[in-house]
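As stored in structure-v4.txt (compact mmCIF, C-alpha atoms and all ligand atoms):
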# COMPACT_ATOMS: atom_id res chain seq x y z
CA MET R 1 0.00 0.00 0.00
CA GLY R 2 2.94 2.31 0.81
CA ASN R 3 3.98 3.30 -2.74
CA LYS R 4 0.49 3.61 -4.15
CA ARG R 5 -0.58 7.07 -5.36
CA LYS R 6 -3.30 8.40 -3.12
CA VAL R 7 -6.52 9.88 -4.47
CA CYS R 8 -9.10 11.69 -2.34
CA ILE R 9 -12.50 12.00 -4.06
CA ILE R 10 -15.15 14.37 -2.71
CA GLY R 11 -18.72 13.26 -3.50
CA MET R 12 -19.53 9.54 -3.64
CA GLY R 13 -22.44 9.70 -6.09
CA TYR R 14 -22.97 8.49 -9.65
CA ILE R 15 -19.64 9.98 -10.76
CA GLY R 16 -17.45 9.92 -7.65
CA LEU R 17 -18.09 6.33 -6.52
CA PRO R 18 -17.55 4.61 -9.90
CA THR R 19 -14.38 6.67 -10.42
CA ALA R 20 -13.19 5.80 -6.91
CA ALA R 21 -13.89 2.09 -7.42
CA LEU R 22 -12.21 2.04 -10.83
CA LEU R 23 -9.05 3.79 -9.58
CA ALA R 24 -8.91 1.56 -6.50
CA ASN R 25 -8.90 -1.45 -8.82
CA ARG R 26 -6.17 0.16 -10.95
CA GLY R 27 -3.49 0.47 -8.29
CA TYR R 28 -4.47 3.71 -6.53
CA GLN R 29 -5.19 4.06 -2.82
CA VAL R 30 -8.57 5.83 -2.78
CA HIS R 31 -10.21 7.77 0.04
CA GLY R 32 -13.84 8.63 -0.71
CA VAL R 33 -15.55 11.52 1.06
CA ASP R 34 -19.25 12.28 1.40
CA VAL R 35 -21.51 14.34 3.66
CA ASN R 36 -23.95 11.44 3.90
CA GLN R 37 -23.08 8.94 6.67
CA HIS R 38 -25.36 6.28 5.15
CA VAL R 39 -23.36 6.48 1.92
CA ILE R 40 -20.08 6.12 3.82
CA ASP R 41 -21.27 3.14 5.88
CA THR R 42 -22.63 1.40 2.77
CA ILE R 43 -19.34 1.81 0.87
CA ASN R 44 -17.25 0.68 3.84
CA ARG R 45 -19.31 -2.53 3.95
CA GLY R 46 -18.29 -3.07 0.30
CA GLU R 47 -21.82 -2.31 -0.89
CA ILE R 48 -23.37 0.37 -3.09
CA HIS R 49 -26.22 2.85 -2.62
CA ILE R 50 -26.86 3.62 -6.31
CA VAL R 51 -27.99 1.50 -9.24
CA GLU R 52 -25.23 1.03 -11.81
CA PRO R 53 -24.26 -2.22 -13.59
CA GLU R 54 -20.95 -3.79 -12.49
CA LEU R 55 -20.32 -1.11 -9.85
CA ASP R 56 -21.04 -3.53 -6.98
CA THR R 57 -18.25 -5.90 -8.10
CA PHE R 58 -15.73 -3.04 -8.40
CA VAL R 59 -16.63 -1.57 -4.99
CA HIS R 60 -16.70 -4.94 -3.27
CA SER R 61 -13.23 -5.96 -4.48
CA ALA R 62 -11.74 -2.49 -3.82
CA VAL R 63 -13.02 -2.38 -0.24
CA LYS R 64 -12.04 -5.99 0.43
CA SER R 65 -8.47 -5.37 -0.74
CA GLY R 66 -8.27 -2.24 1.42
CA SER R 67 -7.66 0.11 -1.54
CA LEU R 68 -10.98 1.97 -1.09
CA THR R 69 -12.20 3.52 2.16
CA ALA R 70 -14.84 6.19 2.77
CA ASN R 71 -15.14 8.87 5.43
CA ILE R 72 -16.87 12.16 6.28
CA ASP R 73 -13.48 13.91 6.39
CA PRO R 74 -10.91 14.18 3.60
CA ALA R 75 -7.35 12.93 4.02
CA GLU R 76 -3.95 13.88 2.59
CA ALA R 77 -3.50 12.65 -0.97
CA ASP R 78 -1.52 13.20 -4.18
CA ILE R 79 -4.66 13.86 -6.20
CA PHE R 80 -7.92 15.48 -5.06
CA MET R 81 -11.01 15.10 -7.19
CA ILE R 82 -14.27 17.03 -6.74
CA ALA R 83 -17.44 15.25 -7.96
CA VAL R 84 -20.23 16.99 -6.06
CA PRO R 85 -23.60 18.16 -7.47
CA THR R 86 -23.91 21.41 -9.45
CA PRO R 87 -27.66 22.11 -9.64
CA PHE R 88 -29.27 25.53 -9.94
CA HIS R 89 -30.81 27.61 -7.18
CA THR R 90 -34.50 26.83 -6.94
CA ASN R 91 -35.60 30.19 -5.52
CA LYS R 92 -33.51 32.76 -7.41
CA LEU R 93 -33.64 34.02 -10.97
CA ASN R 94 -31.07 35.95 -13.00
CA LYS R 95 -32.60 39.44 -13.36
CA THR R 96 -31.31 40.03 -16.90
CA THR R 97 -32.34 36.72 -18.43
CA ASN R 98 -35.04 35.64 -15.98
CA SER R 99 -33.30 32.26 -15.91
CA PRO R 100 -32.17 29.89 -13.14
CA ILE R 101 -28.88 30.70 -11.39
CA PRO R 102 -26.25 27.92 -11.10
CA ASN R 103 -25.52 26.72 -7.57
CA VAL R 104 -21.81 26.01 -7.13
CA ASP R 105 -22.03 26.04 -3.32
CA TYR R 106 -21.23 22.31 -3.17
CA VAL R 107 -18.02 22.85 -5.18
CA ILE R 108 -17.00 25.75 -2.92
CA ASP R 109 -17.75 23.69 0.18
CA ALA R 110 -15.77 20.71 -1.14
CA THR R 111 -12.83 23.02 -1.92
CA LYS R 112 -12.87 24.45 1.60
CA LYS R 113 -12.97 20.91 2.96
CA ILE R 114 -9.85 19.77 1.12
CA ALA R 115 -7.91 23.02 1.71
CA PRO R 116 -6.28 21.89 5.01
CA TYR R 117 -5.02 18.68 3.37
CA ILE R 118 -3.47 20.15 0.22
CA ARG R 119 0.34 20.14 -0.12
CA LYS R 120 2.73 21.45 -2.77
CA GLY R 121 2.81 19.24 -5.87
CA ASN R 122 -0.77 18.00 -5.39
CA LEU R 123 -3.20 17.83 -8.29
CA VAL R 124 -6.76 19.17 -7.74
CA LEU R 125 -9.35 18.08 -10.32
CA LEU R 126 -12.87 19.40 -10.77
CA GLU R 127 -15.08 16.80 -12.46
CA SER R 128 -18.48 18.36 -11.70
CA THR R 129 -20.23 20.00 -14.66
CA SER R 130 -19.53 23.66 -13.93
CA PRO R 131 -20.27 27.18 -15.14
CA VAL R 132 -17.35 28.82 -16.95
CA GLY R 133 -14.98 30.32 -14.37
CA THR R 134 -15.58 27.74 -11.61
CA THR R 135 -12.05 26.28 -11.79
CA ASP R 136 -10.68 29.80 -11.29
CA ARG R 137 -12.99 30.14 -8.28
CA ILE R 138 -11.37 27.04 -6.78
CA VAL R 139 -8.05 28.89 -6.92
CA GLU R 140 -9.62 31.93 -5.20
CA VAL R 141 -11.23 29.80 -2.48
CA LEU R 142 -8.00 27.91 -1.78
CA GLU R 143 -6.05 31.21 -1.54
CA ARG R 144 -8.70 32.62 0.82
CA GLU R 145 -8.38 29.47 2.93
CA GLY R 146 -4.65 30.21 3.27
CA VAL R 147 -3.38 27.72 0.67
CA SER R 148 -0.73 29.12 -1.67
CA THR R 149 -1.71 27.68 -5.06
CA ASN R 150 1.76 28.28 -6.44
CA GLY R 151 3.04 24.74 -7.10
CA ILE R 152 -0.41 23.18 -6.92
CA TYR R 153 -1.87 21.85 -10.15
CA ILE R 154 -5.56 22.63 -10.70
CA ALA R 155 -7.66 21.50 -13.66
CA HIS R 156 -11.16 20.71 -14.88
CA SER R 157 -12.11 17.54 -16.69
CA PRO R 158 -15.85 17.23 -17.25
CA GLU R 159 -17.40 13.80 -16.99
CA ARG R 160 -19.46 12.55 -19.95
CA VAL R 161 -20.47 9.05 -18.89
CA LEU R 162 -23.90 7.64 -19.60
CA PRO R 163 -25.67 6.12 -16.57
CA GLY R 164 -26.05 2.39 -17.15
CA HIS R 165 -22.66 2.24 -18.93
CA ILE R 166 -20.50 4.17 -16.47
CA MET R 167 -17.84 1.54 -15.71
CA ARG R 168 -17.10 1.05 -19.42
CA GLU R 169 -17.39 4.69 -20.46
CA LEU R 170 -15.08 5.89 -17.66
CA ILE R 171 -12.33 4.03 -19.48
CA GLU R 172 -13.39 4.27 -23.13
CA ASN R 173 -14.67 7.85 -23.51
CA ASP R 174 -12.45 10.64 -24.82
CA ARG R 175 -11.73 13.33 -22.21
CA VAL R 176 -11.21 17.05 -22.32
CA VAL R 177 -8.76 18.34 -19.73
CA GLY R 178 -8.16 22.05 -19.08
CA GLY R 179 -5.90 23.48 -16.38
CA ILE R 180 -5.48 26.93 -14.87
CA ASN R 181 -2.06 26.91 -16.55
CA VAL R 182 -0.13 24.66 -18.95
CA GLU R 183 1.61 22.71 -16.17
CA SER R 184 -1.75 21.91 -14.55
CA THR R 185 -3.18 20.74 -17.87
CA LYS R 186 -0.17 18.45 -18.45
CA LYS R 187 -0.30 16.96 -14.94
CA ALA R 188 -4.05 16.34 -15.18
CA ALA R 189 -3.82 14.83 -18.68
CA GLU R 190 -1.01 12.54 -17.51
CA PHE R 191 -3.26 11.28 -14.68
CA TYR R 192 -6.22 10.54 -16.97
CA ARG R 193 -4.00 8.85 -19.60
CA ASP R 194 -3.05 6.35 -16.91
CA PHE R 195 -6.53 4.78 -16.94
CA VAL R 196 -8.47 6.24 -19.90
CA GLU R 197 -8.28 4.37 -23.21
CA GLY R 198 -10.06 7.14 -25.14
CA GLU R 199 -8.08 10.19 -26.30
CA VAL R 200 -7.27 12.85 -23.72
CA PHE R 201 -7.46 16.34 -25.24
CA GLU R 202 -5.58 19.20 -23.59
CA THR R 203 -6.99 22.73 -23.41
CA ASN R 204 -7.49 25.47 -20.82
CA ALA R 205 -9.94 25.41 -17.89
CA LYS R 206 -12.56 27.77 -19.40
CA THR R 207 -12.69 25.85 -22.69
CA ALA R 208 -13.05 22.54 -20.83
CA GLU R 209 -15.91 23.99 -18.75
CA MET R 210 -17.61 25.39 -21.85
CA ALA R 211 -17.10 22.13 -23.80
CA LYS R 212 -19.32 20.14 -21.46
CA LEU R 213 -22.01 22.85 -21.38
CA THR R 214 -21.85 23.04 -25.18
CA GLU R 215 -22.35 19.29 -25.59
CA ASN R 216 -25.51 19.33 -23.48
CA SER R 217 -26.83 22.53 -25.08
CA PHE R 218 -26.35 20.95 -28.52
CA ARG R 219 -28.59 18.06 -27.44
CA ASP R 220 -31.14 20.40 -25.87
CA ILE R 221 -31.40 22.59 -29.00
CA ASN R 222 -31.83 19.60 -31.30
CA ILE R 223 -34.52 18.06 -29.11
CA ALA R 224 -36.26 21.46 -28.90
CA PHE R 225 -36.47 21.52 -32.70
CA ALA R 226 -38.24 18.14 -32.68
CA ASN R 227 -40.53 19.20 -29.83
CA GLU R 228 -41.47 22.43 -31.60
CA LEU R 229 -42.27 20.46 -34.77
CA SER R 230 -44.54 18.15 -32.78
CA ILE R 231 -46.55 21.14 -31.52
CA LEU R 232 -46.80 22.73 -34.97
CA CYS R 233 -47.81 19.40 -36.55
CA ASP R 234 -50.54 18.92 -33.98
CA ASP R 235 -52.12 22.24 -35.05
CA GLU R 236 -51.89 21.24 -38.71
CA ASP R 237 -53.11 17.67 -38.15
CA ILE R 238 -49.84 16.30 -39.57
CA ASP R 239 -48.33 13.09 -38.16
CA VAL R 240 -44.99 14.35 -36.81
CA GLY R 241 -43.56 10.82 -36.87
CA GLU R 242 -44.20 10.46 -40.55
CA LEU R 243 -42.94 13.99 -41.16
CA ILE R 244 -39.63 13.39 -39.39
CA THR R 245 -39.12 10.02 -41.10
CA LEU R 246 -39.62 11.69 -44.48
CA ALA R 247 -37.45 14.73 -43.72
CA ASN R 248 -34.68 12.46 -42.43
CA ARG R 249 -34.47 10.83 -45.88
CA HIS R 250 -32.62 14.00 -46.91
CA PRO R 251 -28.93 13.01 -46.83
CA ARG R 252 -27.94 15.90 -44.55
CA VAL R 253 -30.97 16.03 -42.21
CA ASN R 254 -31.18 14.10 -38.95
CA ILE R 255 -34.05 15.29 -36.76
CA LEU R 256 -34.30 13.74 -33.29
CA SER R 257 -37.48 12.37 -31.71
CA PRO R 258 -39.87 14.65 -29.85
CA GLY R 259 -40.91 13.74 -26.31
CA CYS R 260 -42.96 15.17 -23.48
CA GLY R 261 -40.12 17.56 -22.55
CA VAL R 262 -36.48 17.23 -21.53
CA GLY R 263 -35.41 16.01 -18.11
CA GLY R 264 -32.48 14.70 -16.13
CA HIS R 265 -29.97 16.67 -14.15
CA CYS R 266 -27.72 17.36 -17.17
CA ILE R 267 -29.42 18.44 -20.40
CA SER R 268 -32.28 20.28 -18.69
CA VAL R 269 -29.90 22.07 -16.31
CA ASP R 270 -26.51 22.76 -17.91
CA PRO R 271 -27.65 25.08 -20.76
CA TRP R 272 -28.85 27.50 -18.06
CA PHE R 273 -25.21 27.77 -16.91
CA ILE R 274 -24.41 29.34 -20.29
CA VAL R 275 -27.53 31.54 -20.31
CA ASP R 276 -26.76 32.84 -16.80
CA ARG R 277 -23.39 34.31 -17.87
CA SER R 278 -24.50 35.44 -21.33
CA ASN R 279 -25.99 38.84 -20.52
CA GLY R 280 -28.91 37.96 -22.76
CA LYS R 281 -26.71 36.93 -25.70
CA ALA R 282 -27.40 33.15 -25.52
CA LYS R 283 -30.73 33.62 -27.30
CA LEU R 284 -30.91 30.27 -29.10
CA ILE R 285 -29.74 28.22 -26.10
CA GLU R 286 -32.22 30.01 -23.83
CA GLN R 287 -35.10 29.60 -26.27
CA ALA R 288 -34.43 25.87 -26.69
CA ARG R 289 -34.59 25.45 -22.89
CA ARG R 290 -37.90 27.31 -22.83
CA VAL R 291 -39.33 25.30 -25.75
CA ASN R 292 -38.47 22.03 -24.02
CA ASP R 293 -39.96 23.19 -20.72
CA TYR R 294 -43.05 24.48 -22.54
CA LYS R 295 -43.58 21.08 -24.18
CA ALA R 296 -44.52 19.56 -20.81
CA THR R 297 -47.00 22.40 -20.15
CA TRP R 298 -48.47 21.93 -23.61
CA VAL R 299 -48.87 18.19 -22.98
CA VAL R 300 -50.77 18.91 -19.74
CA GLU R 301 -53.13 21.25 -21.60
CA LYS R 302 -53.68 18.69 -24.39
CA ILE R 303 -54.52 15.98 -21.88
CA LYS R 304 -56.87 18.28 -19.97
CA SER R 305 -58.84 19.04 -23.11
CA SER R 306 -59.13 15.29 -23.85
CA ILE R 307 -60.33 14.70 -20.30
CA LEU R 308 -63.01 17.36 -20.74
CA SER R 309 -64.20 15.70 -23.97
CA PHE R 310 -64.35 12.36 -22.15
CA GLU R 311 -66.40 13.85 -19.31
CA LYS R 312 -68.79 15.54 -21.73
CA GLU R 313 -69.31 12.38 -23.73
CA ARG R 314 -69.50 9.79 -20.95
CA LYS R 315 -70.94 11.93 -18.16
CA ARG R 316 -68.37 10.75 -15.60
CA ARG R 317 -64.82 11.44 -14.41
CA PRO R 318 -62.24 9.25 -16.18
CA LYS R 319 -59.60 7.16 -14.44
CA ILE R 320 -56.27 8.35 -15.86
CA ALA R 321 -53.00 6.40 -16.01
CA CYS R 322 -49.66 8.10 -16.69
CA MET R 323 -47.46 5.49 -18.33
CA GLY R 324 -43.87 6.21 -17.26
CA LEU R 325 -42.51 8.80 -14.83
CA ALA R 326 -38.72 8.63 -15.34
CA PHE R 327 -36.94 11.26 -17.41
CA LYS R 328 -36.05 8.78 -20.14
CA PRO R 329 -36.74 5.14 -21.09
CA ASP R 330 -35.65 2.19 -18.97
CA ILE R 331 -34.17 4.02 -15.98
CA ASP R 332 -35.42 4.86 -12.46
CA ASP R 333 -34.19 8.48 -12.42
CA LEU R 334 -36.92 11.06 -11.73
CA ARG R 335 -34.67 14.14 -11.58
CA GLU R 336 -36.24 17.06 -13.51
CA SER R 337 -38.51 14.52 -15.22
CA PRO R 338 -41.18 16.12 -17.45
CA ALA R 339 -43.27 12.93 -17.21
CA LEU R 340 -43.33 13.20 -13.41
CA HIS R 341 -44.20 16.90 -13.69
CA ILE R 342 -47.10 16.11 -16.03
CA ALA R 343 -48.44 13.37 -13.73
CA GLN R 344 -48.19 15.69 -10.70
CA GLU R 345 -49.96 18.54 -12.49
CA LEU R 346 -52.82 16.28 -13.62
CA SER R 347 -53.19 14.70 -10.18
CA LYS R 348 -53.98 18.16 -8.74
CA GLU R 349 -57.33 18.04 -10.55
CA PHE R 350 -58.02 14.48 -11.64
CA ASP R 351 -58.00 10.85 -10.54
CA VAL R 352 -54.50 9.82 -11.67
CA VAL R 353 -52.46 6.65 -11.17
CA ALA R 354 -49.03 5.91 -12.66
CA VAL R 355 -47.24 2.92 -14.14
CA GLU R 356 -43.48 3.08 -13.65
CA PRO R 357 -41.84 -0.34 -14.05
CA ASN R 358 -38.54 0.94 -12.60
CA ILE R 359 -39.92 2.42 -9.38
CA GLU R 360 -42.01 0.95 -6.56
CA ILE R 361 -42.98 4.08 -4.62
CA CYS R 362 -43.51 7.67 -5.77
CA ASP R 363 -45.69 9.31 -3.12
CA PRO R 364 -48.22 10.82 -3.31
CA LEU R 365 -48.74 9.33 -6.80
CA LYS R 366 -50.13 5.81 -6.71
CA ILE R 367 -48.04 3.31 -8.70
CA VAL R 368 -50.15 0.56 -10.24
CA SER R 369 -49.51 -2.52 -12.39
CA LEU R 370 -49.05 -2.33 -16.14
CA GLU R 371 -52.36 -4.10 -16.58
CA GLU R 372 -54.23 -1.60 -14.43
CA GLY R 373 -52.63 1.29 -16.32
CA VAL R 374 -53.48 -0.14 -19.71
CA ASN R 375 -57.09 -0.65 -18.61
CA ALA R 376 -57.63 2.91 -17.33
CA ASP R 377 -60.11 5.13 -19.18
CA ILE R 378 -57.25 7.28 -20.45
CA SER R 379 -53.69 5.87 -20.65
CA ILE R 380 -51.10 8.51 -21.43
CA TYR R 381 -47.78 7.15 -22.68
CA LEU R 382 -45.14 9.60 -21.53
CA VAL R 383 -41.95 7.50 -21.52
CA ALA R 384 -40.94 4.82 -24.06
CA HIS R 385 -40.11 2.14 -21.48
CA LYS R 386 -39.52 -1.26 -23.08
CA GLU R 387 -42.46 -2.68 -21.08
CA PHE R 388 -44.82 -0.44 -23.08
CA ASN R 389 -43.48 -1.36 -26.51
CA ASP R 390 -46.13 -3.84 -27.59
CA LYS R 391 -48.83 -1.41 -26.50
CA LEU R 392 -47.71 1.14 -29.06
CA VAL R 393 -48.26 1.42 -32.74
CA THR R 394 -45.06 3.24 -33.68
CA GLN R 395 -42.24 4.86 -31.80
CA TYR R 396 -43.77 8.25 -32.49
CA ASP R 397 -47.17 7.42 -31.06
CA LEU R 398 -45.48 7.68 -27.76
CA VAL R 399 -43.99 11.07 -28.00
CA PHE R 400 -46.82 13.12 -26.95
CA CYS R 401 -47.95 13.76 -29.51
CA GLY R 402 -48.53 11.11 -26.81
CA LEU R 403 -50.61 8.15 -27.60
CA MET R 404 -53.73 8.42 -25.52
CA LYS R 405 -55.93 5.40 -25.47
CA ILE R 406 -59.38 6.57 -24.53
N1 LIG R 501 -24.61 11.30 -13.09
C1 LIG R 501 -24.23 11.53 -14.33
O1 LIG R 501 -24.61 10.81 -15.23
C2 LIG R 501 -23.30 12.66 -14.66
C3 LIG R 501 -22.70 12.67 -15.92
C4 LIG R 501 -21.82 13.69 -16.22
C5 LIG R 501 -21.58 14.70 -15.28
N2 LIG R 501 -22.19 14.68 -14.07
C6 LIG R 501 -21.89 15.75 -13.13
O2 LIG R 501 -21.10 15.22 -12.06
C7 LIG R 501 -21.39 15.94 -10.84
C8 LIG R 501 -21.80 14.95 -9.77
O3 LIG R 501 -22.99 14.31 -10.20
P1 LIG R 501 -23.52 12.96 -9.56
O4 LIG R 501 -24.55 12.43 -10.50
O5 LIG R 501 -22.36 12.09 -9.17
O6 LIG R 501 -24.23 13.52 -8.24
P2 LIG R 501 -24.83 12.67 -7.04
O7 LIG R 501 -25.89 13.49 -6.45
O8 LIG R 501 -25.08 11.26 -7.48
O9 LIG R 501 -23.59 12.56 -6.00
C9 LIG R 501 -23.01 13.64 -5.36
C10 LIG R 501 -22.56 13.19 -3.97
O10 LIG R 501 -21.87 14.29 -3.39
C11 LIG R 501 -22.21 14.36 -2.02
N3 LIG R 501 -21.92 15.71 -1.56
C12 LIG R 501 -22.61 16.84 -1.75
N4 LIG R 501 -21.97 17.89 -1.22
C13 LIG R 501 -20.84 17.41 -0.67
C14 LIG R 501 -19.76 18.01 0.03
N5 LIG R 501 -19.72 19.32 0.23
N6 LIG R 501 -18.77 17.21 0.49
C15 LIG R 501 -18.81 15.87 0.26
N7 LIG R 501 -19.79 15.26 -0.41
C16 LIG R 501 -20.80 16.02 -0.88
C17 LIG R 501 -23.67 13.96 -1.96
O11 LIG R 501 -24.04 13.50 -0.69
C18 LIG R 501 -23.71 12.86 -3.03
O12 LIG R 501 -23.51 11.56 -2.48
C19 LIG R 501 -22.48 16.96 -11.20
O13 LIG R 501 -21.86 18.18 -11.52
C20 LIG R 501 -23.10 16.36 -12.44
O14 LIG R 501 -23.71 17.33 -13.25
C21 LIG R 501 -23.04 13.67 -13.73
Translate the structure of the given file into structure tokens.
Amino acid sequence: MGNKRKVCIIGMGYIGLPTAALLANRGYQVHGVDVNQHVIDTINRGEIHIVEPELDTFVHSAVKSGSLTANIDPAEADIFMIAVPTPFHTNKLNKTTNSPIPNVDYVIDATKKIAPYIRKGNLVLLESTSPVGTTDRIVEVLEREGVSTNGIYIAHSPERVLPGHIMRELIENDRVVGGINVESTKKAAEFYRDFVEGEVFETNAKTAEMAKLTENSFRDINIAFANELSILCDDEDIDVGELITLANRHPRVNILSPGCGVGGHCISVDPWFIVDRSNGKAKLIEQARRVNDYKATWVVEKIKSSILSFEKERKRRPKIACMGLAFKPDIDDLRESPALHIAQELSKEFDVVAVEPNIEICDPLKIVSLEEGVNADISIYLVAHKEFNDKLVTQYDLVFCGLMKI
């Protein structure tokens, strides 16, 4: 154990824990840090608190061999890695753009936490998706905490892994690495090249920060285009599925699928980090965010008008089933989920149950069996879970456009 390089990772979530477990199995001595005692106890038992294929095997063997431990407090290390959440503030809006304000408090707190343990020659890595300028703020915070950053290497390397494939993608994906200076970039890139099989691209900190935000904004804008088409087609009584299939026969057109909105803690959050700093100049990125958020509102209104028609025709209140609550198919993640939002909005006024094959409890919504959902008066397919496939006519029936069986 003596000659192993030591890594201290702050934040033992979907990013921090898989990275910790991978490094611990690759010859590093890893010390994981979290504010949540339950998380720490679970890891120290060699178990996991999140759902991710193969992660349990990695954590179990790392803990058993003694190369992974977890604690509330950080420890001295050669490399510090920050992998804490970067959401936005829920109760504040940017006055210029009327948009959510990024919350980097967790990053600042993690930086303060590691400050007493940092020594000359250490490498500090920010992996959290961050607004441009956050890596520079780490330098400021460390200096304020009395750490001279001269001789300390500080860099950002955004994580791009896809949940469900994290253990493979941590190794195979290309990485962008940007330091606060050239030496920091080189040191950080050298570290990632030790375990990453993809290419490691060197740049500066601001470009690395912007690269991740750009990737997610690109996705958001392209989905917004599909969502806007679905709304326009509904007015014109055009089948948006057919339309997109036909348009995509053009050799240079590739329109994505519309859905009931955009969710998750990445694509529906990160573009706001660009908008917040743009002084109103990120018009397209902002508009795409608003189009995707509006799609969920539009879906609610469409469903309400169908419910009214049902009530008028049948002279009774319908039983409504929302099919799928997660933010995308075949996962259990409800963060920023438009499907969950739609179900919650409808349940304020109507008798609503939900079918979510990946989740057992979602209070106060009642989760029912697939059969019960299918047999409701109105079944609204919000998420293309594989369990719903044979209930649907085409992929696009699902997209709300949403197939409603009445
Ligand atoms: N999950 C993904 O698929 C994914 C992909 C790419 C990038 N990211 C980014 O990675 C970052 C982390 O995301 P995640 O999904 O791992 O989050 P997560 O919520 O799963 O885990 C974060 C962990 O950090 C802990 N924590 C919070 N504040 C802390 C502090 N001050 N000190 C110590 N621990 C603290 C929390 O208790 C939690 O266990 C975010 O910026 C996210 O946007 C996530």
Box in all listed atoms of ligand LIG 501 (chain R), axis-aligned, with 6 Å more on each side; write out centre and edge lengths in Å to one decimal as AutoDock Vina command-line options.
--center_x -22.3 --center_y 15.1 --center_z -7.9 --size_x 19.1 --size_y 20.5 --size_z 28.7
* Using only C-alpha atoms and all ligand atoms, what are the residues with an atom within 7 Å of ligand LIG 501 (chain R), set out as a ChimeraX atom specification? -> /R:10-16,33-36,39,83-86,106-107,109-110,127-130,158-163,265-266
* Atom-to-atom span, atom CA of R:Leu22 and atom CA of R:Ile171, Å -> 8.9 Å
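With atom CA of R:Val132 on one side and atom CA of R:Glu169 on the other, the separation reads 24.4 Å.
Distance annotation: of R:Asp276, R:Ala21, R:Ser305, R:Ile255, the residue with the minimal separation from R:Leu243 is R:Ile255; atom set is only C-alpha atoms.
We find atom CA of R:Val63 and atom CA of R:Glu47 to be spaced 8.8 Å apart.
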